[in-house]
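Below: model_20.pdb (PDB, C-alpha atoms and all ligand atoms)
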```
ATOM      1  CA  MET A 158     103.822 110.198 123.528
ATOM      2  CA  GLY A 159     101.678 108.941 126.380
ATOM      3  CA  GLN A 160     100.552 105.403 125.715
ATOM      4  CA  LEU A 161     101.477 105.521 122.054
ATOM      5  CA  THR A 162     104.228 102.921 121.868
ATOM      6  CA  SER A 163     103.156 100.914 118.796
ATOM      7  CA  ILE A 164     101.295 101.971 115.669
ATOM      8  CA  CYS A 165      99.784  99.530 113.195
ATOM      9  CA  VAL A 166     100.098 100.693 109.591
ATOM     10  CA  TYR A 167      97.674  99.439 106.951
ATOM     11  CA  CYS A 168      98.937 100.142 103.421
ATOM     12  CA  GLY A 169      99.172  98.938  99.857
ATOM     13  CA  SER A 170     101.212  95.929  98.766
ATOM     14  CA  SER A 171     101.516  96.920  95.114
ATOM     15  CA  ASN A 172     104.910  97.848  93.652
ATOM     16  CA  LEU A 173     103.299  99.401  90.582
ATOM     17  CA  VAL A 174     102.069 102.583  92.230
ATOM     18  CA  ASN A 175     103.326 106.129  91.788
ATOM     19  CA  PRO A 176     106.734 106.289  93.542
ATOM     20  CA  ASP A 177     105.479 109.266  95.556
ATOM     21  CA  TYR A 178     103.379 106.809  97.572
ATOM     22  CA  LEU A 179     106.425 104.656  98.306
ATOM     23  CA  LYS A 180     108.270 107.817  99.398
ATOM     24  CA  LEU A 181     105.437 108.684 101.771
ATOM     25  CA  ALA A 182     105.620 105.193 103.285
ATOM     26  CA  ASP A 183     109.375 105.630 103.673
ATOM     27  CA  ALA A 184     108.899 109.028 105.329
ATOM     28  CA  LEU A 185     106.354 107.569 107.723
ATOM     29  CA  GLY A 186     108.796 104.813 108.652
ATOM     30  CA  GLN A 187     111.499 107.357 109.390
ATOM     31  CA  ALA A 188     109.098 109.444 111.481
ATOM     32  CA  LEU A 189     108.027 106.400 113.508
ATOM     33  CA  ALA A 190     111.641 105.495 114.219
ATOM     34  CA  ALA A 191     112.459 109.093 115.191
ATOM     35  CA  ALA A 192     109.497 109.132 117.584
ATOM     36  CA  GLY A 193     110.524 105.805 119.150
ATOM     37  CA  ILE A 194     107.264 104.179 118.083
ATOM     38  CA  ARG A 195     107.246 100.547 116.968
ATOM     39  CA  LEU A 196     105.759  99.704 113.575
ATOM     40  CA  VAL A 197     103.302  96.816 113.529
ATOM     41  CA  TYR A 198     102.410  95.789 109.990
ATOM     42  CA  GLY A 199     101.570  92.922 107.661
ATOM     43  CA  GLY A 200     105.123  91.591 107.372
ATOM     44  CA  GLY A 201     105.637  91.863 103.627
ATOM     45  CA  GLY A 202     108.551  93.296 101.671
ATOM     46  CA  VAL A 203     106.409  94.609  98.816
ATOM     47  CA  GLY A 204     104.827  97.965  98.021
ATOM     48  CA  LEU A 205     104.284 100.571 100.697
ATOM     49  CA  MET A 206     104.477  97.820 103.324
ATOM     50  CA  GLY A 207     108.084  97.020 102.472
ATOM     51  CA  ALA A 208     109.027 100.682 102.018
ATOM     52  CA  CYS A 209     107.721 101.612 105.453
ATOM     53  CA  ALA A 210     109.263  98.636 107.266
ATOM     54  CA  ARG A 211     112.667  99.064 105.621
ATOM     55  CA  ALA A 212     112.668 102.749 106.559
ATOM     56  CA  VAL A 213     111.919 102.028 110.224
ATOM     57  CA  HIS A 214     114.547  99.293 110.387
ATOM     58  CA  GLY A 215     117.091 101.388 108.492
ATOM     59  CA  ALA A 216     116.639 104.225 110.968
ATOM     60  CA  GLY A 217     117.168 101.913 113.935
ATOM     61  CA  GLY A 218     113.506 101.631 114.962
ATOM     62  CA  ASP A 219     111.463  98.603 116.013
ATOM     63  CA  VAL A 220     109.233  96.606 113.698
ATOM     64  CA  LEU A 221     106.888  93.656 114.146
ATOM     65  CA  GLY A 222     105.637  91.998 110.965
ATOM     66  CA  ILE A 223     102.717  89.558 111.041
ATOM     67  CA  ILE A 224     102.133  87.522 107.913
ATOM     68  CA  PRO A 225     100.048  84.467 107.031
ATOM     69  CA  ARG A 226     102.018  81.440 105.845
ATOM     70  CA  PHE A 227     100.285  81.325 102.453
ATOM     71  CA  LEU A 228     101.487  84.871 101.649
ATOM     72  CA  LEU A 229     105.165  84.339 102.538
ATOM     73  CA  GLN A 230     106.156  84.197  98.851
ATOM     74  CA  THR A 231     103.556  86.516  97.332
ATOM     75  CA  GLU A 232     104.194  89.341  99.768
ATOM     76  CA  ARG A 233     107.907  88.494 100.082
ATOM     77  CA  ILE A 234     108.280  88.450 103.859
ATOM     78  CA  TYR A 235     110.744  91.024 105.155
ATOM     79  CA  ASP A 236     112.595  88.732 107.527
ATOM     80  CA  GLU A 237     115.304  91.119 108.710
ATOM     81  CA  VAL A 238     112.926  92.313 111.444
ATOM     82  CA  PRO A 239     111.000  90.424 114.163
ATOM     83  CA  HIS A 240     108.003  88.702 112.644
ATOM     84  CA  GLU A 241     105.264  86.196 113.326
ATOM     85  CA  ILE A 242     104.003  83.689 110.791
ATOM     86  CA  VAL A 243     100.324  82.949 111.371
ATOM     87  CA  GLU A 244      97.905  80.525 109.770
ATOM     88  CA  ASP A 245      95.220  82.809 108.364
ATOM     89  CA  MET A 246      94.132  86.367 107.609
ATOM     90  CA  HIS A 247      91.891  86.649 110.642
ATOM     91  CA  THR A 248      94.722  85.755 112.993
ATOM     92  CA  ARG A 249      96.981  88.263 111.252
ATOM     93  CA  LYS A 250      94.476  91.049 111.671
ATOM     94  CA  GLN A 251      93.757  90.169 115.298
ATOM     95  CA  ARG A 252      97.468  89.989 116.168
ATOM     96  CA  MET A 253      98.148  93.328 114.455
ATOM     97  CA  PHE A 254      95.287  94.808 116.440
ATOM     98  CA  ASP A 255      96.480  93.324 119.748
ATOM     99  CA  GLU A 256     100.019  94.641 119.320
ATOM    100  CA  CYS A 257      99.185  98.317 118.668
ATOM    101  CA  ASP A 258      97.777 101.397 120.369
ATOM    102  CA  ALA A 259      96.573 103.172 117.210
ATOM    103  CA  PHE A 260      96.386 102.874 113.405
ATOM    104  CA  ILE A 261      97.677 104.765 110.383
ATOM    105  CA  VAL A 262      96.153 104.049 106.978
ATOM    106  CA  LEU A 263      98.396 104.917 104.029
ATOM    107  CA  PRO A 264      97.199 104.741 100.435
ATOM    108  CA  GLY A 265      96.339 101.167  99.490
ATOM    109  CA  GLY A 266      93.968  98.848  97.719
ATOM    110  CA  ILE A 267      91.123  96.544  98.674
ATOM    111  CA  GLY A 268      93.153  94.826 101.385
ATOM    112  CA  THR A 269      94.033  98.125 103.046
ATOM    113  CA  LEU A 270      90.439  99.278 102.847
ATOM    114  CA  GLU A 271      89.171  96.013 104.299
ATOM    115  CA  GLU A 272      91.549  96.190 107.252
ATOM    116  CA  ALA A 273      90.716  99.841 107.990
ATOM    117  CA  VAL A 274      86.957  99.388 107.668
ATOM    118  CA  GLU A 275      86.809  96.281 109.842
ATOM    119  CA  THR A 276      88.842  98.026 112.553
ATOM    120  CA  LEU A 277      86.523 101.042 112.341
ATOM    121  CA  SER A 278      83.496  98.770 112.562
ATOM    122  CA  TRP A 279      84.883  97.242 115.764
ATOM    123  CA  ARG A 280      85.214 100.753 117.133
ATOM    124  CA  ARG A 281      81.672 101.618 116.054
ATOM    125  CA  LEU A 282      80.494  98.592 118.063
ATOM    126  CA  GLY A 283      82.380  99.812 121.136
ATOM    127  CA  LEU A 284      84.844  96.925 121.058
ATOM    128  CA  HIS A 285      87.857  99.240 121.321
ATOM    129  CA  ALA A 286      88.871 102.899 121.465
ATOM    130  CA  LYS A 287      92.095 102.880 119.457
ATOM    131  CA  PRO A 288      92.291 105.929 117.148
ATOM    132  CA  MET A 289      92.949 105.835 113.392
ATOM    133  CA  ALA A 290      94.552 108.394 111.063
ATOM    134  CA  PHE A 291      94.290 108.288 107.270
ATOM    135  CA  LEU A 292      97.521 109.678 105.823
ATOM    136  CA  ASP A 293      97.978 110.953 102.275
ATOM    137  CA  GLU A 294      99.602 113.918 100.534
ATOM    138  CA  ASP A 295      97.264 114.099  97.575
ATOM    139  CA  ALA A 296      93.728 113.603  98.940
ATOM    140  CA  PHE A 297      93.906 109.883  98.066
ATOM    141  CA  TRP A 298      91.484 109.140 100.903
ATOM    142  CA  ALA A 299      89.126 112.075 100.241
ATOM    143  CA  PRO A 300      86.493 109.830  98.550
ATOM    144  CA  PHE A 301      86.455 107.630 101.638
ATOM    145  CA  PHE A 302      85.776 110.663 103.831
ATOM    146  CA  GLN A 303      83.034 111.766 101.408
ATOM    147  CA  LEU A 304      81.459 108.337 101.750
ATOM    148  CA  THR A 305      81.681 108.567 105.530
ATOM    149  CA  ASP A 306      79.972 111.985 105.457
ATOM    150  CA  HIS A 307      77.269 110.547 103.184
ATOM    151  CA  ILE A 308      76.640 107.693 105.626
ATOM    152  CA  ILE A 309      76.510 110.100 108.570
ATOM    153  CA  GLU A 310      74.163 112.478 106.698
ATOM    154  CA  GLY A 311      71.819 109.555 106.131
ATOM    155  CA  GLN A 312      71.918 108.900 109.873
ATOM    156  CA  PHE A 313      73.231 105.377 109.410
ATOM    157  CA  THR A 314      76.090 106.272 111.720
ATOM    158  CA  PRO A 315      76.121 108.965 114.434
ATOM    159  CA  GLU A 316      77.941 112.259 113.985
ATOM    160  CA  ASN A 317      80.431 111.432 116.710
ATOM    161  CA  PHE A 318      81.799 108.586 114.562
ATOM    162  CA  ARG A 319      83.977 111.265 112.944
ATOM    163  CA  ASP A 320      85.887 111.462 116.234
ATOM    164  CA  SER A 321      87.287 108.000 115.659
ATOM    165  CA  LEU A 322      89.110 108.936 112.456
ATOM    166  CA  VAL A 323      91.223 111.817 111.249
ATOM    167  CA  HIS A 324      92.610 112.802 107.838
ATOM    168  CA  VAL A 325      96.189 114.133 107.801
ATOM    169  CA  HIS A 326      98.795 114.949 105.180
ATOM    170  CA  ALA A 327     102.184 114.455 106.832
ATOM    171  CA  PRO A 328     103.652 111.588 108.890
ATOM    172  CA  GLU A 329     104.405 113.816 111.872
ATOM    173  CA  ALA A 330     100.818 115.107 111.828
ATOM    174  CA  ALA A 331      99.525 111.539 111.881
ATOM    175  CA  ILE A 332     101.663 110.628 114.881
ATOM    176  CA  GLN A 333     100.662 113.833 116.691
ATOM    177  CA  ALA A 334      96.946 113.348 116.010
ATOM    178  CA  LEU A 335      97.052 109.789 117.293
ATOM    179  CA  SER A 336      99.117 110.771 120.298
ATOM    180  CA  ASP A 337      96.545 113.447 121.201
ATOM    181  CA  ARG A 338      93.678 110.996 120.798
ATOM    182  CA  VAL A 339      95.293 108.164 122.739
ATOM    183  CA  VAL A 340      95.881 110.598 125.626
ATOM    184  CA  GLN A 341      92.243 111.758 125.404
ATOM    185  CA  VAL A 342      90.904 108.249 125.833
ATOM    186  CA  GLY A 343      93.062 107.666 128.914
ATOM    187  CA  ASP A 344      93.303 104.036 129.867
ATOM    188  CA  GLU A 345      90.743 102.791 127.379
ATOM    189  CA  ARG A 346      92.890 100.307 125.520
ATOM    190  CA  SER A 347      90.247  97.658 125.740
ATOM    191  CA  ARG A 348      88.888  95.923 122.653
TER     192      ARG A 348
HETATM  193  P1  LIG B   1      96.232  95.828  99.321
HETATM  194  O1  LIG B   1      95.808  97.152  99.858
HETATM  195  O2  LIG B   1      95.137  95.131  98.555
HETATM  196  O3  LIG B   1      97.528  95.892  98.577
HETATM  197  O4  LIG B   1      96.487  94.896 100.602
HETATM  198  C1  LIG B   1      97.289  95.377 101.661
HETATM  199  C2  LIG B   1      97.561  94.276 102.640
HETATM  200  O5  LIG B   1      96.337  93.897 103.283
HETATM  201  C3  LIG B   1      98.140  93.001 102.038
HETATM  202  O6  LIG B   1      99.213  92.578 102.869
HETATM  203  C4  LIG B   1      97.000  92.011 102.145
HETATM  204  O7  LIG B   1      97.466  90.688 102.317
HETATM  205  C5  LIG B   1      96.328  92.484 103.413
HETATM  206  N1  LIG B   1      94.954  92.038 103.584
HETATM  207  C6  LIG B   1      93.984  91.969 102.660
HETATM  208  N2  LIG B   1      92.837  91.502 103.186
HETATM  209  C7  LIG B   1      93.089  91.231 104.486
HETATM  210  C8  LIG B   1      92.329  90.707 105.577
HETATM  211  N3  LIG B   1      91.055  90.345 105.402
HETATM  212  N4  LIG B   1      92.940  90.569 106.781
HETATM  213  C9  LIG B   1      94.231  90.905 106.932
HETATM  214  N5  LIG B   1      95.012  91.407 105.960
HETATM  215  C10 LIG B   1      94.449  91.575 104.755
END
```
Starting from the file, give its structure as C-alpha cells.
Ligand code: AMP
Amino acid sequence: MGQLTSICVYCGSSNLVNPDYLKLADALGQALAAAGIRLVYGGGGVGLMGACARAVHGAGGDVLGIIPRFLLQTERIYDEVPHEIVEDMHTRKQRMFDECDAFIVLPGGIGTLEEAVETLSWRRLGLHAKPMAFLDEDAFWAPFFQLTDHIIEGQFTPENFRDSLVHVHAPEAAIQALSDRVVQVGDERSR
C-alpha cells in the first residue's frame, strides 16, 4: 500500500437514509480493516459515520475519531475507539487532514460536501497532494462530477484538476485508486 496507512472518510451523519448507504459504509469499514488501513473520521456513532467506524473496529482494524465537544451528544460519539475531542469544527477538519494520507467521500449531506470541497480547494491551491476518491454504488455523486466538468469547461479550473479526484463504485476500488495515486505523488505529503 505504499504510504497509504490512514484514510480519512467523509460521510453522512443521518440515520434516515436508505439502508443500502449504511451497508456501503459498513463494507468500506471492513475493506479498510482487511487492508490494514486506519480509519480517520468525525468520531460520531450516527449514520454512515457510525456504520463505517463500527465495521472497522468490529473487524479488528484501527480507528481515530475526531469530534468537537459541542457535537458529543448530537453525533453520539463512538467512544469504543481512540478519539480526540476538539473545541471547534476547524480544528476537527485540520486534525482529520493531518492524520491521513488520502480521502474517501461516501454519500452524505451538506457537511460531507463542505469537508470534501474545502479539502479539494486546498489541493487546488497547491497546499497538499493527498488524493480523494468519491465512492458510491448508485451514481450518488454523479451530479457533483457534472458540476466539476461544467466548471472545468468554463475554464474556471484547469483540466488537470480532474487528476485530484476519482469516482469509484466499490470500497476495494477506492482503496486501490488512492493507493495508486499516493504512490504516484511519491513523498509529497506536504500540505
Ligand atoms: P452531513 O453530511 O451533513 O451529515 O455531515 C457529515 C459530518 O460532517 C458531520 O459529522 C458534521 O458534523 C460534519 N461537518 C459539517 N460541517 C463541517 C465542517 N465545516 N468542518 C468539519 N466537519 C463538518
If the limit is 6 Å from any atom of ligand LIG 1 (chain B), counting all atoms listed in the file, which residues qualify? Return them as a list of chain:residue names. A:Cys168, A:Gly169, A:Ser170, A:Ser171, A:Gly199, A:Met246, A:His247, A:Arg249, A:Lys250, A:Gly265, A:Gly266, A:Ile267, A:Gly268, A:Thr269, A:Glu271, A:Glu272
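When you apply the PyMOL selection byres (((chain A and resi 335) around 8) and not hetatm) to this structure, what comes back is Leu161, Ala259, Phe260, Pro288, Met289, Ala290, Ala331, Ile332, Gln333, Ala334, Ser336, Asp337, Arg338 and Val339 of chain A.
One distance worth recording is that between atom CA of Val325 of chain A and atom CA of Leu292 of chain A, which is 5.1 Å.
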Do you have the atom CA of Phe254 of chain A-atom CA of Thr314 of chain A distance handy? 22.9 Å
Of A:Ile308, A:Cys257, A:Val203, A:Leu181, the one sitting nearest His326 of chain A when using all atoms listed in the file is A:Leu181
Which residues, named as in the file, does the PyMOL selection byres (((chain A and resi 189) around 9) and not hetatm) pick out? Answer as a PyMOL selection string. chain A and resi 164+184-188+190-196+213+218-219+328-329+332
Apply the PyMOL selection byres (((chain A and resi 209) around 7) and not hetatm) to the displayed file and report the matching residues as an mmCIF file with C-alpha atoms, keeping the file's coordinate frame.
```
data_model
loop_
_atom_site.group_PDB
_atom_site.id
_atom_site.type_symbol
_atom_site.label_atom_id
_atom_site.label_comp_id
_atom_site.auth_asym_id
_atom_site.auth_seq_id
_atom_site.Cartn_x
_atom_site.Cartn_y
_atom_site.Cartn_z
ATOM 1 C CA ALA A 182 105.620 105.193 103.285
ATOM 2 C CA ASP A 183 109.375 105.630 103.673
ATOM 3 C CA LEU A 185 106.354 107.569 107.723
ATOM 4 C CA GLY A 186 108.796 104.813 108.652
ATOM 5 C CA LEU A 205 104.284 100.571 100.697
ATOM 6 C CA MET A 206 104.477 97.820 103.324
ATOM 7 C CA GLY A 207 108.084 97.020 102.472
ATOM 8 C CA ALA A 208 109.027 100.682 102.018
ATOM 9 C CA ALA A 210 109.263 98.636 107.266
ATOM 10 C CA ARG A 211 112.667 99.064 105.621
ATOM 11 C CA ALA A 212 112.668 102.749 106.559
ATOM 12 C CA VAL A 213 111.919 102.028 110.224
#
```
Missing atoms in segment 216-227 of chain A: can you complete it with all heavy atoms, as a PDB file, in the frame of the given file?
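Contents of out04.pdb, as written:
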```
ATOM      1  N   ALA A 216     116.415 103.098 110.057  1.00  0.00           N
ATOM      2  CA  ALA A 216     116.639 104.225 110.968  1.00  0.00           C
ATOM      3  C   ALA A 216     116.809 103.753 112.412  1.00  0.00           C
ATOM      4  O   ALA A 216     116.831 104.569 113.337  1.00  0.00           O
ATOM      5  CB  ALA A 216     115.461 105.207 110.862  1.00  0.00           C
ATOM      6  N   GLY A 217     116.908 102.443 112.594  1.00  0.00           N
ATOM      7  CA  GLY A 217     117.168 101.913 113.935  1.00  0.00           C
ATOM      8  C   GLY A 217     115.931 101.732 114.791  1.00  0.00           C
ATOM      9  O   GLY A 217     116.043 101.512 116.000  1.00  0.00           O
ATOM     10  N   GLY A 218     114.747 101.794 114.193  1.00  0.00           N
ATOM     11  CA  GLY A 218     113.506 101.631 114.962  1.00  0.00           C
ATOM     12  C   GLY A 218     113.074 100.176 115.061  1.00  0.00           C
ATOM     13  O   GLY A 218     113.694  99.281 114.481  1.00  0.00           O
ATOM     14  N   ASP A 219     111.984  99.956 115.785  1.00  0.00           N
ATOM     15  CA  ASP A 219     111.463  98.603 116.013  1.00  0.00           C
ATOM     16  C   ASP A 219     110.312  98.300 115.064  1.00  0.00           C
ATOM     17  O   ASP A 219     109.465  99.161 114.804  1.00  0.00           O
ATOM     18  CB  ASP A 219     110.935  98.465 117.443  1.00  0.00           C
ATOM     19  CG  ASP A 219     112.059  98.533 118.459  1.00  0.00           C
ATOM     20  OD1 ASP A 219     113.178  98.105 118.124  1.00  0.00           O
ATOM     21  OD2 ASP A 219     111.820  99.043 119.570  1.00  0.00           O
ATOM     22  N   VAL A 220     110.286  97.061 114.623  1.00  0.00           N
ATOM     23  CA  VAL A 220     109.233  96.606 113.698  1.00  0.00           C
ATOM     24  C   VAL A 220     108.741  95.241 114.160  1.00  0.00           C
ATOM     25  O   VAL A 220     109.536  94.403 114.612  1.00  0.00           O
ATOM     26  CB  VAL A 220     109.790  96.451 112.254  1.00  0.00           C
ATOM     27  CG1 VAL A 220     108.696  95.964 111.309  1.00  0.00           C
ATOM     28  CG2 VAL A 220     110.394  97.745 111.747  1.00  0.00           C
ATOM     29  N   LEU A 221     107.436  95.013 114.024  1.00  0.00           N
ATOM     30  CA  LEU A 221     106.888  93.656 114.146  1.00  0.00           C
ATOM     31  C   LEU A 221     106.042  93.402 112.909  1.00  0.00           C
ATOM     32  O   LEU A 221     105.066  94.117 112.657  1.00  0.00           O
ATOM     33  CB  LEU A 221     106.028  93.510 115.411  1.00  0.00           C
ATOM     34  CG  LEU A 221     105.282  92.167 115.527  1.00  0.00           C
ATOM     35  CD1 LEU A 221     106.266  90.997 115.629  1.00  0.00           C
ATOM     36  CD2 LEU A 221     104.338  92.165 116.725  1.00  0.00           C
ATOM     37  N   GLY A 222     106.415  92.389 112.141  1.00  0.00           N
ATOM     38  CA  GLY A 222     105.637  91.998 110.965  1.00  0.00           C
ATOM     39  C   GLY A 222     104.816  90.750 111.284  1.00  0.00           C
ATOM     40  O   GLY A 222     105.307  89.848 111.962  1.00  0.00           O
ATOM     41  N   ILE A 223     103.581  90.716 110.782  1.00  0.00           N
ATOM     42  CA  ILE A 223     102.717  89.558 111.041  1.00  0.00           C
ATOM     43  C   ILE A 223     102.116  89.124 109.708  1.00  0.00           C
ATOM     44  O   ILE A 223     101.352  89.866 109.079  1.00  0.00           O
ATOM     45  CB  ILE A 223     101.616  89.906 112.067  1.00  0.00           C
ATOM     46  CG1 ILE A 223     102.261  90.400 113.367  1.00  0.00           C
ATOM     47  CG2 ILE A 223     100.728  88.670 112.325  1.00  0.00           C
ATOM     48  CD1 ILE A 223     101.302  90.953 114.402  1.00  0.00           C
ATOM     49  N   ILE A 224     102.483  87.937 109.273  1.00  0.00           N
ATOM     50  CA  ILE A 224     102.133  87.522 107.913  1.00  0.00           C
ATOM     51  C   ILE A 224     101.586  86.091 107.910  1.00  0.00           C
ATOM     52  O   ILE A 224     102.098  85.234 108.629  1.00  0.00           O
ATOM     53  CB  ILE A 224     103.387  87.665 106.991  1.00  0.00           C
ATOM     54  CG1 ILE A 224     103.023  87.499 105.521  1.00  0.00           C
ATOM     55  CG2 ILE A 224     104.489  86.701 107.392  1.00  0.00           C
ATOM     56  CD1 ILE A 224     104.139  87.981 104.574  1.00  0.00           C
ATOM     57  N   PRO A 225     100.548  85.849 107.129  1.00  0.00           N
ATOM     58  CA  PRO A 225     100.048  84.467 107.031  1.00  0.00           C
ATOM     59  C   PRO A 225     100.992  83.617 106.173  1.00  0.00           C
ATOM     60  O   PRO A 225     101.586  84.121 105.207  1.00  0.00           O
ATOM     61  CB  PRO A 225      98.689  84.608 106.345  1.00  0.00           C
ATOM     62  CG  PRO A 225      98.480  86.050 106.091  1.00  0.00           C
ATOM     63  CD  PRO A 225      99.741  86.784 106.362  1.00  0.00           C
ATOM     64  N   ARG A 226     101.085  82.349 106.527  1.00  0.00           N
ATOM     65  CA  ARG A 226     102.018  81.440 105.845  1.00  0.00           C
ATOM     66  C   ARG A 226     101.795  81.449 104.329  1.00  0.00           C
ATOM     67  O   ARG A 226     102.748  81.474 103.562  1.00  0.00           O
ATOM     68  CB  ARG A 226     101.820  80.025 106.421  1.00  0.00           C
ATOM     69  CG  ARG A 226     102.861  79.023 106.003  1.00  0.00           C
ATOM     70  CD  ARG A 226     102.654  77.684 106.724  1.00  0.00           C
ATOM     71  NE  ARG A 226     102.640  77.821 108.175  1.00  0.00           N
ATOM     72  CZ  ARG A 226     103.737  77.938 108.933  1.00  0.00           C
ATOM     73  NH1 ARG A 226     104.933  77.908 108.378  1.00  0.00           N
ATOM     74  NH2 ARG A 226     103.644  78.068 110.244  1.00  0.00           N
ATOM     75  N   PHE A 227     100.546  81.474 103.902  1.00  0.00           N
ATOM     76  CA  PHE A 227     100.285  81.325 102.453  1.00  0.00           C
ATOM     77  C   PHE A 227     100.712  82.555 101.648  1.00  0.00           C
ATOM     78  O   PHE A 227     100.772  82.512 100.432  1.00  0.00           O
ATOM     79  CB  PHE A 227      98.805  80.977 102.200  1.00  0.00           C
ATOM     80  CG  PHE A 227      97.861  82.151 102.211  1.00  0.00           C
ATOM     81  CD1 PHE A 227      97.479  82.760 101.012  1.00  0.00           C
ATOM     82  CD2 PHE A 227      97.369  82.648 103.398  1.00  0.00           C
ATOM     83  CE1 PHE A 227      96.603  83.835 101.008  1.00  0.00           C
ATOM     84  CE2 PHE A 227      96.501  83.733 103.408  1.00  0.00           C
ATOM     85  CZ  PHE A 227      96.119  84.324 102.218  1.00  0.00           C
TER      86      PHE A 227
END
```
